[in-house]
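Enquirer: Contents are compact mmCIF, C-alpha atoms; file name upload.txt:
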```txt
# COMPACT_ATOMS: atom_id res chain seq x y z
CA MET X 1 -91.39 9.22 44.54
CA SER X 2 -92.91 12.60 43.73
CA HIS X 3 -90.98 14.92 41.41
CA PRO X 4 -89.10 17.53 43.52
CA ASP X 5 -90.42 20.42 41.41
CA LYS X 6 -94.02 19.27 41.26
CA LYS X 7 -95.15 21.87 43.79
CA ARG X 8 -92.63 24.60 43.07
CA LEU X 9 -93.60 28.26 43.12
CA ARG X 10 -95.57 29.17 39.99
CA ARG X 11 -97.13 32.58 40.51
CA THR X 12 -96.57 33.60 36.89
CA MET X 13 -96.27 31.71 33.61
CA MET X 14 -95.34 33.98 30.73
CA PHE X 15 -96.38 32.95 27.22
CA LEU X 16 -93.71 33.27 24.52
CA ASN X 17 -93.87 32.27 20.89
CA ALA X 18 -91.22 29.55 20.47
CA GLN X 19 -90.74 30.59 16.84
CA LYS X 20 -89.56 34.12 17.74
CA PRO X 21 -85.84 34.26 18.61
CA GLY X 22 -86.17 37.81 19.92
CA LEU X 23 -88.65 36.63 22.54
CA ILE X 24 -87.04 33.41 23.69
CA LYS X 25 -83.39 34.46 23.91
CA ASP X 26 -83.51 36.11 27.36
CA PRO X 27 -86.99 36.14 28.97
CA TYR X 28 -85.57 35.13 32.37
CA ILE X 29 -84.65 38.79 32.91
CA TYR X 30 -88.30 39.58 33.59
CA GLY X 31 -88.45 37.28 36.61
CA ALA X 32 -91.50 35.15 35.82
CA ASP X 33 -91.52 31.91 37.81
CA SER X 34 -92.16 29.93 34.62
CA ILE X 35 -92.06 30.64 30.91
CA MET X 36 -94.46 28.98 28.53
CA LEU X 37 -92.73 28.39 25.20
CA ASP X 38 -95.60 28.08 22.79
CA LEU X 39 -95.74 25.68 19.86
CA GLU X 40 -99.51 26.01 19.58
CA ASP X 41 -101.69 29.03 18.87
CA ALA X 42 -98.89 31.60 18.61
CA VAL X 43 -97.20 29.66 15.82
CA ALA X 44 -98.65 29.80 12.30
CA GLU X 45 -99.54 26.45 10.77
CA SER X 46 -96.80 26.84 8.14
CA GLN X 47 -94.15 27.43 10.82
CA LYS X 48 -94.87 24.52 13.18
CA ASP X 49 -91.75 22.68 12.03
CA SER X 50 -89.57 25.77 12.26
CA ALA X 51 -90.68 26.50 15.81
CA ARG X 52 -89.47 23.07 16.94
CA TYR X 53 -85.88 23.71 15.80
CA SER X 54 -85.89 27.08 17.58
CA LEU X 55 -87.30 25.46 20.67
CA TYR X 56 -84.80 22.62 20.70
CA HIS X 57 -81.76 24.88 20.47
CA ALA X 58 -83.18 27.36 22.96
CA LEU X 59 -83.78 24.59 25.50
CA LYS X 60 -80.31 23.16 24.95
CA GLU X 61 -78.24 26.31 24.67
CA ILE X 62 -79.90 29.19 26.53
CA ASN X 63 -79.46 29.36 30.28
CA TYR X 64 -82.87 30.31 31.64
CA ARG X 65 -81.47 30.47 35.18
CA LYS X 66 -84.10 29.50 37.75
CA THR X 67 -87.04 30.04 35.42
CA GLU X 68 -89.05 26.91 34.77
CA ARG X 69 -89.36 26.01 31.07
CA VAL X 70 -92.80 24.74 30.17
CA VAL X 71 -93.72 24.05 26.53
CA ARG X 72 -97.27 24.22 25.21
CA ILE X 73 -97.71 21.52 22.60
CA ASN X 74 -100.33 21.36 19.88
CA GLY X 75 -103.63 19.63 20.61
CA LEU X 76 -104.21 15.92 20.17
CA ASP X 77 -106.56 16.71 17.29
CA THR X 78 -103.64 18.03 15.19
CA PRO X 79 -100.86 16.22 13.27
CA HIS X 80 -98.19 18.03 15.34
CA TRP X 81 -98.34 16.85 18.94
CA GLN X 82 -96.24 13.69 18.69
CA GLU X 83 -93.22 15.45 17.21
CA ASP X 84 -93.82 18.28 19.69
CA ILE X 85 -93.45 15.79 22.54
CA ARG X 86 -90.27 14.31 21.06
CA VAL X 87 -88.60 17.71 20.75
CA CYS X 88 -89.69 18.81 24.24
CA VAL X 89 -88.24 15.72 25.86
CA ALA X 90 -85.09 15.69 23.73
CA GLY X 91 -84.50 19.35 24.54
CA GLY X 92 -85.01 18.77 28.26
CA ALA X 93 -88.14 20.85 28.87
CA ASP X 94 -89.14 20.89 32.52
CA ALA X 95 -92.81 20.39 31.71
CA ILE X 96 -95.31 20.04 28.89
CA ARG X 97 -98.63 21.85 28.79
CA ILE X 98 -101.31 19.78 27.07
CA ALA X 99 -103.56 22.06 25.05
CA LYS X 100 -107.32 21.44 24.81
CA THR X 101 -107.42 18.67 27.42
CA GLU X 102 -110.83 17.04 27.38
CA SER X 103 -110.42 13.96 29.51
CA ALA X 104 -108.13 11.82 31.65
CA ARG X 105 -107.53 9.72 28.52
CA ASP X 106 -105.88 12.72 26.84
CA VAL X 107 -103.40 13.04 29.71
CA LEU X 108 -102.64 9.31 29.61
CA THR X 109 -102.05 9.46 25.86
CA VAL X 110 -99.53 12.26 26.27
CA GLU X 111 -97.96 10.51 29.24
CA GLU X 112 -97.39 7.35 27.17
CA HIS X 113 -95.62 9.31 24.46
CA VAL X 114 -93.56 11.30 26.96
CA LEU X 115 -92.37 8.07 28.56
CA ALA X 116 -91.44 6.67 25.15
CA ALA X 117 -89.53 9.87 24.36
CA GLU X 118 -87.72 9.78 27.71
CA GLN X 119 -86.59 6.26 26.86
CA GLU X 120 -85.61 7.25 23.31
CA PHE X 121 -83.58 10.28 24.36
CA GLY X 122 -82.12 8.86 27.56
CA ARG X 123 -83.91 11.16 29.96
CA GLU X 124 -84.82 9.92 33.41
CA GLU X 125 -88.27 8.32 33.34
CA GLY X 126 -90.78 10.58 35.07
CA SER X 127 -88.56 13.67 34.81
CA THR X 128 -90.90 15.53 32.44
CA LEU X 129 -93.84 17.04 34.27
CA LEU X 130 -97.25 17.68 32.72
CA MET X 131 -99.96 20.27 33.09
CA ALA X 132 -103.36 20.32 31.45
CA ALA X 133 -105.07 23.31 29.87
CA LEU X 134 -108.85 23.11 30.08
CA GLU X 135 -110.39 24.95 27.17
CA SER X 136 -113.91 23.52 26.80
CA CYS X 137 -117.00 22.81 28.85
CA ARG X 138 -116.30 19.07 28.63
CA GLY X 139 -112.74 19.60 29.80
CA VAL X 140 -113.87 21.66 32.77
CA LEU X 141 -116.56 19.14 33.69
CA ASN X 142 -113.89 16.41 33.69
CA THR X 143 -111.49 18.42 35.85
CA LEU X 144 -111.25 16.01 38.79
CA GLU X 145 -110.48 12.93 36.67
CA ILE X 146 -107.89 14.95 34.74
CA CYS X 147 -106.23 16.13 37.97
CA GLU X 148 -106.03 12.63 39.42
CA VAL X 149 -104.91 10.58 36.43
CA SER X 150 -101.14 11.04 36.39
CA PRO X 151 -98.41 11.49 39.01
CA ARG X 152 -96.62 13.70 36.46
CA LEU X 153 -99.45 16.23 36.38
CA PHE X 154 -98.56 19.22 38.54
CA GLY X 155 -101.49 21.42 37.68
CA ILE X 156 -104.31 22.60 35.49
CA ALA X 157 -104.92 25.91 33.78
CA LEU X 158 -108.04 27.61 32.51
CA SER X 159 -107.92 28.85 28.95
CA GLY X 160 -110.60 31.51 29.07
CA GLY X 161 -110.79 32.44 25.39
CA ASP X 162 -111.56 28.98 24.06
CA TYR X 163 -113.67 28.08 27.09
CA THR X 164 -115.99 31.08 26.69
CA LYS X 165 -116.26 30.37 22.97
CA ASP X 166 -117.44 26.85 23.80
CA LEU X 167 -119.78 28.31 26.39
CA GLN X 168 -121.19 30.51 23.58
CA THR X 169 -120.30 33.75 25.28
CA SER X 170 -117.22 35.98 25.46
CA ILE X 171 -114.84 37.55 27.97
CA SER X 172 -116.63 40.56 29.46
CA GLY X 173 -114.03 41.79 31.91
CA THR X 174 -116.38 41.19 34.85
CA GLY X 175 -115.37 37.55 35.28
CA VAL X 176 -118.99 36.41 35.51
CA GLU X 177 -118.70 34.07 32.51
CA LEU X 178 -115.63 32.36 34.02
CA ALA X 179 -116.90 32.15 37.61
CA GLY X 180 -118.26 28.60 37.42
CA ALA X 181 -115.19 27.14 35.74
CA ARG X 182 -112.81 28.94 38.08
CA GLN X 183 -114.62 27.77 41.20
CA TYR X 184 -114.99 24.21 39.97
CA MET X 185 -111.40 23.92 38.81
CA ILE X 186 -109.89 25.23 42.02
CA MET X 187 -112.01 22.83 44.08
CA ALA X 188 -111.00 19.85 41.92
CA ALA X 189 -107.34 20.85 41.96
CA ARG X 190 -107.33 21.14 45.74
CA ALA X 191 -109.16 17.81 46.10
CA ALA X 192 -106.50 16.17 43.91
CA GLY X 193 -103.55 18.02 45.43
CA VAL X 194 -102.39 19.76 42.24
CA GLN X 195 -101.93 23.42 41.37
CA CYS X 196 -104.43 25.61 39.55
CA PHE X 197 -103.65 28.54 37.24
CA ASP X 198 -105.89 31.24 35.89
CA THR X 199 -106.27 32.35 32.31
CA VAL X 200 -104.51 35.29 30.64
CA TYR X 201 -105.71 38.89 30.82
CA THR X 202 -105.26 40.26 27.34
CA ASN X 203 -106.17 43.95 27.73
CA LEU X 204 -102.68 45.31 28.32
CA ASP X 205 -103.95 48.89 28.55
CA ASP X 206 -106.11 48.12 31.56
CA MET X 207 -103.63 47.46 34.35
CA ALA X 208 -106.20 48.42 37.01
CA GLY X 209 -108.59 45.79 35.69
CA PHE X 210 -105.75 43.27 35.59
CA GLU X 211 -104.83 43.96 39.21
CA GLN X 212 -108.46 43.59 40.26
CA GLU X 213 -108.68 40.23 38.50
CA VAL X 214 -105.44 39.00 40.09
CA GLU X 215 -106.75 40.03 43.54
CA MET X 216 -109.91 38.03 42.85
CA ILE X 217 -108.24 34.83 41.66
CA HIS X 218 -105.76 35.02 44.53
CA ARG X 219 -108.69 35.25 46.93
CA MET X 220 -110.34 32.28 45.17
CA GLY X 221 -107.30 30.13 45.88
CA PHE X 222 -105.45 29.96 42.57
CA ASP X 223 -101.69 29.31 42.62
CA GLY X 224 -100.87 31.73 39.84
CA LYS X 225 -101.81 33.30 36.56
CA SER X 226 -100.74 33.04 32.95
CA VAL X 227 -99.33 36.34 31.67
CA VAL X 228 -98.73 37.67 28.19
CA ASN X 229 -96.55 40.70 28.92
CA PRO X 230 -93.64 41.31 31.30
CA ARG X 231 -95.52 44.33 32.71
CA GLN X 232 -98.02 41.96 34.31
CA ILE X 233 -95.45 39.96 36.28
CA ALA X 234 -94.75 42.39 39.13
CA VAL X 235 -98.47 42.89 39.76
CA VAL X 236 -99.06 39.15 40.16
CA HIS X 237 -96.00 38.65 42.33
CA LYS X 238 -96.96 41.52 44.62
CA ILE X 239 -100.40 40.02 45.21
CA PHE X 240 -99.26 36.39 45.46
CA THR X 241 -96.31 37.02 47.78
CA PRO X 242 -97.26 37.15 51.49
CA GLY X 243 -96.77 40.53 53.16
CA LYS X 244 -94.66 41.03 56.28
CA LYS X 245 -97.75 41.34 58.52
CA ASP X 246 -99.18 38.05 57.21
CA ILE X 247 -95.86 36.28 57.69
CA ILE X 248 -95.43 37.48 61.28
CA PHE X 249 -98.98 36.44 62.12
CA ALA X 250 -98.49 33.02 60.49
CA GLU X 251 -95.31 32.49 62.51
CA LYS X 252 -97.16 33.36 65.72
CA VAL X 253 -99.97 30.96 64.84
CA VAL X 254 -97.59 28.08 64.14
CA ARG X 255 -95.54 28.67 67.31
CA GLU X 256 -98.62 29.11 69.50
CA ILE X 257 -100.37 26.02 68.15
CA ASP X 258 -97.22 23.92 68.70
CA GLU X 259 -96.85 25.27 72.21
CA LYS X 260 -100.51 25.08 73.22
CA LYS X 261 -100.84 21.58 71.79
CA ALA X 262 -98.10 20.41 74.15
CA GLN X 263 -100.06 21.99 77.01
CA GLY X 264 -103.30 20.31 75.94
CA ILE X 265 -104.98 23.59 74.96
CA GLY X 266 -107.04 23.47 71.74
CA VAL X 267 -108.47 26.97 71.35
CA PHE X 268 -106.75 30.28 72.21
CA THR X 269 -106.23 33.76 70.80
CA VAL X 270 -103.39 35.31 68.79
CA ASP X 271 -103.48 39.11 68.41
CA GLY X 272 -107.12 39.04 69.46
CA LYS X 273 -108.18 36.40 66.94
CA MET X 274 -109.54 33.01 67.92
CA ILE X 275 -107.17 30.30 66.71
CA ASP X 276 -107.38 26.51 66.70
CA ILE X 277 -105.73 23.64 64.82
CA ALA X 278 -107.72 24.43 61.66
CA PHE X 279 -105.45 27.47 61.14
CA TYR X 280 -102.24 25.45 61.26
CA ASP X 281 -102.01 24.31 57.63
CA GLY X 282 -102.92 27.76 56.32
CA ALA X 283 -100.22 29.41 58.44
CA LYS X 284 -97.65 26.84 57.34
CA ARG X 285 -98.64 27.43 53.72
CA ILE X 286 -98.05 31.19 54.08
CA ILE X 287 -94.60 30.56 55.52
CA GLY X 288 -93.85 28.06 52.75
CA LEU X 289 -94.97 30.56 50.12
CA ALA X 290 -92.86 33.30 51.73
CA LYS X 291 -89.83 30.98 51.68
CA ALA X 292 -90.39 30.03 48.04
CA SER X 293 -90.82 33.70 47.15
CA GLY X 294 -87.52 34.57 48.83
CA VAL X 295 -89.02 36.96 51.38
CA TYR X 296 -88.88 34.82 54.54
CA GLU X 297 -86.35 35.81 57.16
CA GLY X 298 -87.56 33.73 60.09
CA ASP X 299 -86.43 30.34 61.36
CA LEU X 300 -89.50 28.13 61.06
CA MET L 301 -78.25 14.99 2.80
CA GLU L 302 -79.26 16.18 -0.61
CA ILE L 303 -81.05 19.44 -1.27
CA LYS L 304 -83.96 18.04 -3.25
CA LYS L 305 -85.77 21.34 -3.75
CA PRO L 306 -85.25 24.99 -2.80
CA ALA L 307 -86.35 25.81 0.74
CA ILE L 308 -86.36 28.76 3.06
CA ALA L 309 -86.61 29.19 6.84
CA GLY L 310 -86.55 32.08 9.29
CA THR L 311 -87.56 35.71 9.06
CA LEU L 312 -86.02 39.14 8.69
CA GLU L 313 -87.05 40.20 12.19
CA SER L 314 -84.51 41.44 14.67
CA SER L 315 -82.55 38.61 16.38
CA ASP L 316 -83.54 36.22 13.58
CA CYS L 317 -82.04 35.23 10.24
CA GLN L 318 -83.45 33.97 6.98
CA VAL L 319 -81.79 30.99 5.39
CA ALA L 320 -82.39 29.90 1.79
CA VAL L 321 -81.00 26.68 0.33
CA GLU L 322 -81.00 25.22 -3.14
CA ALA L 323 -79.04 22.48 -4.87
CA GLY L 324 -75.45 23.52 -5.50
CA ASN L 325 -72.88 22.84 -8.22
CA GLY L 326 -71.00 20.18 -6.31
CA THR L 327 -69.75 22.45 -3.51
CA VAL L 328 -70.93 24.61 -0.65
CA ASP L 329 -71.61 28.07 -2.05
CA PHE L 330 -72.20 30.36 0.93
CA SER L 331 -73.23 33.99 0.92
CA LEU L 332 -73.94 36.19 3.93
CA ASP L 333 -75.70 39.47 4.42
CA SER L 334 -75.54 40.54 8.05
CA THR L 335 -76.14 43.64 10.13
CA VAL L 336 -73.16 42.59 12.23
CA ILE L 337 -70.90 41.24 9.49
CA ASN L 338 -67.88 43.25 10.60
CA GLN L 339 -68.02 41.94 14.17
CA PHE L 340 -69.36 38.41 13.65
CA GLY L 341 -68.98 37.53 9.96
CA TYR L 342 -66.32 34.85 10.51
CA GLN L 343 -68.19 33.38 13.48
CA ILE L 344 -71.43 33.14 11.50
CA ARG L 345 -69.58 31.51 8.62
CA GLU L 346 -68.15 28.93 11.01
CA VAL L 347 -71.58 28.14 12.46
CA VAL L 348 -73.08 27.77 8.97
CA LEU L 349 -70.33 25.49 7.67
CA ASP L 350 -70.25 23.39 10.86
CA THR L 351 -74.01 22.93 10.75
CA LEU L 352 -73.97 21.88 7.08
CA LYS L 353 -71.13 19.45 7.78
CA ARG L 354 -73.04 17.92 10.67
CA LEU L 355 -76.08 17.50 8.41
CA ASN L 356 -73.80 15.98 5.76
CA VAL L 357 -74.77 18.63 3.20
CA ASP L 358 -71.92 19.27 0.76
CA ASN L 359 -73.72 20.32 -2.39
CA VAL L 360 -75.68 23.46 -1.69
CA LYS L 361 -76.08 27.10 -2.45
CA ILE L 362 -76.93 28.70 0.87
CA THR L 363 -77.81 32.32 1.50
CA VAL L 364 -78.07 33.72 5.02
CA VAL L 365 -79.57 37.13 5.73
CA ASP L 366 -78.75 37.77 9.38
CA LYS L 367 -80.44 40.29 11.64
CA GLY L 368 -78.35 39.69 14.74
CA ALA L 369 -79.29 36.05 15.38
CA LEU L 370 -77.63 34.00 18.11
CA ASP L 371 -75.69 30.91 17.00
CA CYS L 372 -78.51 28.67 18.19
CA THR L 373 -80.97 30.52 15.94
CA ILE L 374 -78.68 30.27 12.90
CA LYS L 375 -78.36 26.52 13.46
CA ALA L 376 -82.13 26.16 13.89
CA ARG L 377 -82.90 28.00 10.65
CA ILE L 378 -80.33 26.04 8.61
CA GLU L 379 -81.60 22.71 9.93
CA CYS L 380 -85.18 23.73 9.19
CA ALA L 381 -84.34 24.79 5.63
CA VAL L 382 -82.40 21.57 4.92
CA TYR L 383 -85.11 19.29 6.28
CA ARG L 384 -87.76 21.29 4.41
CA ALA L 385 -85.72 20.76 1.25
CA ASN L 386 -86.26 17.05 1.88
CA ASP L 387 -89.90 17.29 3.01
CA ILE L 388 -89.02 15.74 6.39
CA THR L 389 -91.00 16.99 9.39
CA GLU L 390 -91.33 13.93 11.63
CA ASN L 391 -89.08 11.56 13.55
CA LEU L 392 -86.28 14.08 13.41
CA PRO L 393 -82.90 13.17 14.91
CA TRP L 394 -83.04 15.49 17.95
CA GLY L 395 -79.77 15.20 19.78
CA GLY L 396 -78.25 13.36 16.79
CA VAL L 397 -77.26 15.48 13.81
CA ILE L 398 -79.61 18.12 15.16
CA ARG L 399 -77.71 19.36 18.18
```
Taking this structure as input, can you express it in the form of structure tokens?
Expert:
Amino acid sequence: MSHPDKKRLRRTMMFLNAQKPGLIKDPYIYGADSIMLDLEDAVAESQKDSARYSLYHALKEINYRKTERVVRINGLDTPHWQEDIRVCVAGGADAIRIAKTESARDVLTVEEHVLAAEQEFGREEGSTLLMAALESCRGVLNTLEICEVSPRLFGIALSGGDYTKDLQTSISGTGVELAGARQYMIMAARAAGVQCFDTVYTNLDDMAGFEQEVEMIHRMGFDGKSVVNPRQIAVVHKIFTPGKKDIIFAEKVVREIDEKKAQGIGVFTVDGKMIDIAFYDGAKRIIGLAKASGVYEGDL
Amino acid sequence: MEIKKPAIAGTLESSDCQVAVEAGNGTVDFSLDSTVINQFGYQIREVVLDTLKRLNVDNVKITVVDKGALDCTIKARIECAVYRANDITENLPWGGVIR
């Protein structure tokens, strides 16, 4: 049976250094759908052990309300990831983000250790979800096999900094260097039925550029974006939450298709637009997103 | 657990605390410097002593410099310092004596 939260709303995932008590004590107040408690890049090599104790007690003792708690573990090429998995599972993290995922084998390796930890700490088997961060050309090229390898995997995320380094370029702000990876990843994620998340936007002084990028990735089909500052959350939520006009139109489409189908009519118009069965899933998705975002007032 | 060598954990940032441990003289020798000592001094002391008892540490000199840390942070920093004093970083007893 699929995990009930596998497809939950994840418009924003806010990165927080798990080693910093000031950051992890109350981040739910900012309203991100998920927080990403980081054991990897944000934590200095000499503090990897310390971050785990902070993480464990935060997971056990802080009430993060409805905010999903994802933990980014260290890469499989480090000596840290196995203990990272143990502490995540023991603490009851909702999900683990696998850094630097290169292949389906990487996901399976983590999955094996997560299962062992669930058995060791008495957590329900299969209760810990996974997501994969793709940070290299090889990882991106293996996207489909990564997406399809584990029923625990709810999504994939692009890590633009490392990916562009591997591509031998850098983030320009235009998005041109990320275009291929973004397009490929979203197609693979959709083919596999998992979610897809965009990389962080690190220029906090350029909110206009951030908004433009969020508009673009929303249009491309992404499910959400990683954020590094609470200021970015409202922008993403505004763009990723369906507007009233879209919701009303989607409701009309669903009702009309249901009605016309019963009458044997395949093609018709709604508000002057030609509609057929191909629009049904999209309209249902908008209503589902509106419900998950807490803005739906209808009865469908 | 023994304190095999001096160890330190945590920082002096706001909401954090820095914990230093070294081998004691047969007892628990606790000292506290806190920005909120008047309001929470006794509570912090209780958390420190409870955590040491849970870890079975009874021969230690422990110094806590608190900058307004939550109880969970104080516990985390003490545990880290004690395990560092024993060079243990893997197969930790999450949910056992660490809880």
Enquirer: List the residues sitting within 12 Å of (-96.2, 29.9, 48.5) in the file's frame, using all atoms listed in the file, as a PyMOL selection string.
Expert: chain X and resi 7-11+33+195+218+221-224+237+239-243+247+282-296
Enquirer: Could you tell me how far atom CA of X:Arg152 sits from atom CA of X:Ile85, in Å to one decimal place?
Expert: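 Between these atoms lies a distance of 14.4 Å.
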Enquirer: Residues of chain L were defined as contacting chain X if any atom lay at most 9 Å from it, counting only C-alpha atoms; please report them as a PyMOL selection string.
Expert: chain L and resi 309-310+313-316+369-370+372-373+375-377+379-381+384+389-392+394-395+398-399
Enquirer: Grab the residues selected above and save them as a PDB file, keeping the file's coordinate frame with C-alpha atoms.
Expert:
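Saved file result-v2.pdb follows:
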```pdb
ATOM      1  CA  ALA L 309     -86.610  29.190   6.840  1.00  0.00           C
ATOM      2  CA  GLY L 310     -86.550  32.080   9.290  1.00  0.00           C
ATOM      3  CA  GLU L 313     -87.050  40.200  12.190  1.00  0.00           C
ATOM      4  CA  SER L 314     -84.510  41.440  14.670  1.00  0.00           C
ATOM      5  CA  SER L 315     -82.550  38.610  16.380  1.00  0.00           C
ATOM      6  CA  ASP L 316     -83.540  36.220  13.580  1.00  0.00           C
ATOM      7  CA  ALA L 369     -79.290  36.050  15.380  1.00  0.00           C
ATOM      8  CA  LEU L 370     -77.630  34.000  18.110  1.00  0.00           C
ATOM      9  CA  CYS L 372     -78.510  28.670  18.190  1.00  0.00           C
ATOM     10  CA  THR L 373     -80.970  30.520  15.940  1.00  0.00           C
ATOM     11  CA  LYS L 375     -78.360  26.520  13.460  1.00  0.00           C
ATOM     12  CA  ALA L 376     -82.130  26.160  13.890  1.00  0.00           C
ATOM     13  CA  ARG L 377     -82.900  28.000  10.650  1.00  0.00           C
ATOM     14  CA  GLU L 379     -81.600  22.710   9.930  1.00  0.00           C
ATOM     15  CA  CYS L 380     -85.180  23.730   9.190  1.00  0.00           C
ATOM     16  CA  ALA L 381     -84.340  24.790   5.630  1.00  0.00           C
ATOM     17  CA  ARG L 384     -87.760  21.290   4.410  1.00  0.00           C
ATOM     18  CA  THR L 389     -91.000  16.990   9.390  1.00  0.00           C
ATOM     19  CA  GLU L 390     -91.330  13.930  11.630  1.00  0.00           C
ATOM     20  CA  ASN L 391     -89.080  11.560  13.550  1.00  0.00           C
ATOM     21  CA  LEU L 392     -86.280  14.080  13.410  1.00  0.00           C
ATOM     22  CA  TRP L 394     -83.040  15.490  17.950  1.00  0.00           C
ATOM     23  CA  GLY L 395     -79.770  15.200  19.780  1.00  0.00           C
ATOM     24  CA  ILE L 398     -79.610  18.120  15.160  1.00  0.00           C
ATOM     25  CA  ARG L 399     -77.710  19.360  18.180  1.00  0.00           C
TER      26      ARG L 399
END
```
Enquirer: When you look at stretch 140-145 of chain X with a cut-off of 6 Å (counting all atoms listed in the file), what residues show up, excluding the ones that are within fewer than 5 positions of it in the same chain? I need them as number ranges by chain.
Expert: X: 103-104, 134, 188
Enquirer: Could you list, as a PyMOL selection string, every residue within 7 Å of X:Ser136, counting only C-alpha atoms and ignoring same-chain residues fewer than 5 positions away?
Expert: chain X and resi 162-163+166
Enquirer: Which value, in Å to one decimal, gives the distance between atom CA of L:Lys361 and atom CA of X:Ala18?
Expert: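 For atom CA of L:Lys361 relative to atom CA of X:Ala18, the distance reads 27.6 Å.
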Enquirer: Would you kindly return, as a PyMOL selection string, each protein, DNA or RNA residue with an atom no farther than 10 Å from any atom of L:Asp366, considering only C-alpha atoms and excluding same-chain residues fewer than 4 positions away?
Expert: chain L and resi 310-319+332-337+341+344+370+374
Enquirer: With distances taken over all atoms listed in the file, which residue among X:Ala192, X:Ile257, X:Val200, X:Leu37 lies nearest X:Asn229?
Expert: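 Of all the options, X:Val200 lies closest to X:Asn229.
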Enquirer: Got a sec: who's within 7 Å of X:Leu158, counting only C-alpha atoms, leaving out chain neighbours fewer than 3 positions off, as a PyMOL selection string?
Expert: chain X and resi 133-135+197-199
Enquirer: Between atom CA of X:Phe210 and atom CA of X:Val235, measure the distance and give it in Å to one decimal.
Expert: 8.4 Å
Enquirer: So, with all atoms listed in the file as the atoms that count, which of X:His113, X:Thr169, X:Thr174, X:Ile96 lies closest to X:Gly155?
Expert: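 Ranking X:His113, X:Thr169, X:Thr174, X:Ile96 by distance to X:Gly155, first place goes to X:Ile96.
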Enquirer: Between X:Val110, X:Ile171, X:Ala234, X:Cys147, single out the one closest to X:Gly193, counting only C-alpha atoms.
Expert: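 Using only C-alpha atoms, the shortest distance to X:Gly193 belongs to X:Cys147.
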Enquirer: Complete stretch 234-246 of chain X with N, CA and C atoms (output as a compact mmCIF listing (two decimals), in the coordinates of the input).
Expert:
```txt
# COMPACT_ATOMS: atom_id res chain seq x y z
N ALA X 234 -94.92 41.78 37.80
CA ALA X 234 -94.75 42.39 39.13
C ALA X 234 -96.08 42.49 39.87
N VAL X 235 -97.15 42.76 39.13
CA VAL X 235 -98.47 42.89 39.76
C VAL X 235 -98.87 41.56 40.40
N VAL X 236 -98.68 40.47 39.65
CA VAL X 236 -99.06 39.15 40.16
C VAL X 236 -98.18 38.79 41.37
N HIS X 237 -96.90 39.02 41.25
CA HIS X 237 -96.00 38.65 42.33
C HIS X 237 -96.30 39.44 43.61
N LYS X 238 -96.64 40.70 43.44
CA LYS X 238 -96.96 41.52 44.62
C LYS X 238 -98.17 40.92 45.35
N ILE X 239 -99.16 40.53 44.59
CA ILE X 239 -100.40 40.02 45.21
C ILE X 239 -100.21 38.60 45.75
N PHE X 240 -99.42 37.79 45.07
CA PHE X 240 -99.26 36.39 45.46
C PHE X 240 -98.14 36.16 46.48
N THR X 241 -97.38 37.19 46.80
CA THR X 241 -96.31 37.02 47.78
C THR X 241 -96.82 37.52 49.13
N PRO X 242 -96.74 36.71 50.19
CA PRO X 242 -97.26 37.15 51.49
C PRO X 242 -96.56 38.40 51.99
N GLY X 243 -97.34 39.31 52.59
CA GLY X 243 -96.77 40.53 53.16
C GLY X 243 -96.14 40.24 54.52
N LYS X 244 -95.36 41.21 55.01
CA LYS X 244 -94.66 41.03 56.28
C LYS X 244 -95.63 40.74 57.44
N LYS X 245 -96.75 41.49 57.45
CA LYS X 245 -97.75 41.34 58.52
C LYS X 245 -98.31 39.91 58.52
N ASP X 246 -98.62 39.41 57.33
CA ASP X 246 -99.18 38.05 57.21
C ASP X 246 -98.16 37.00 57.67
```
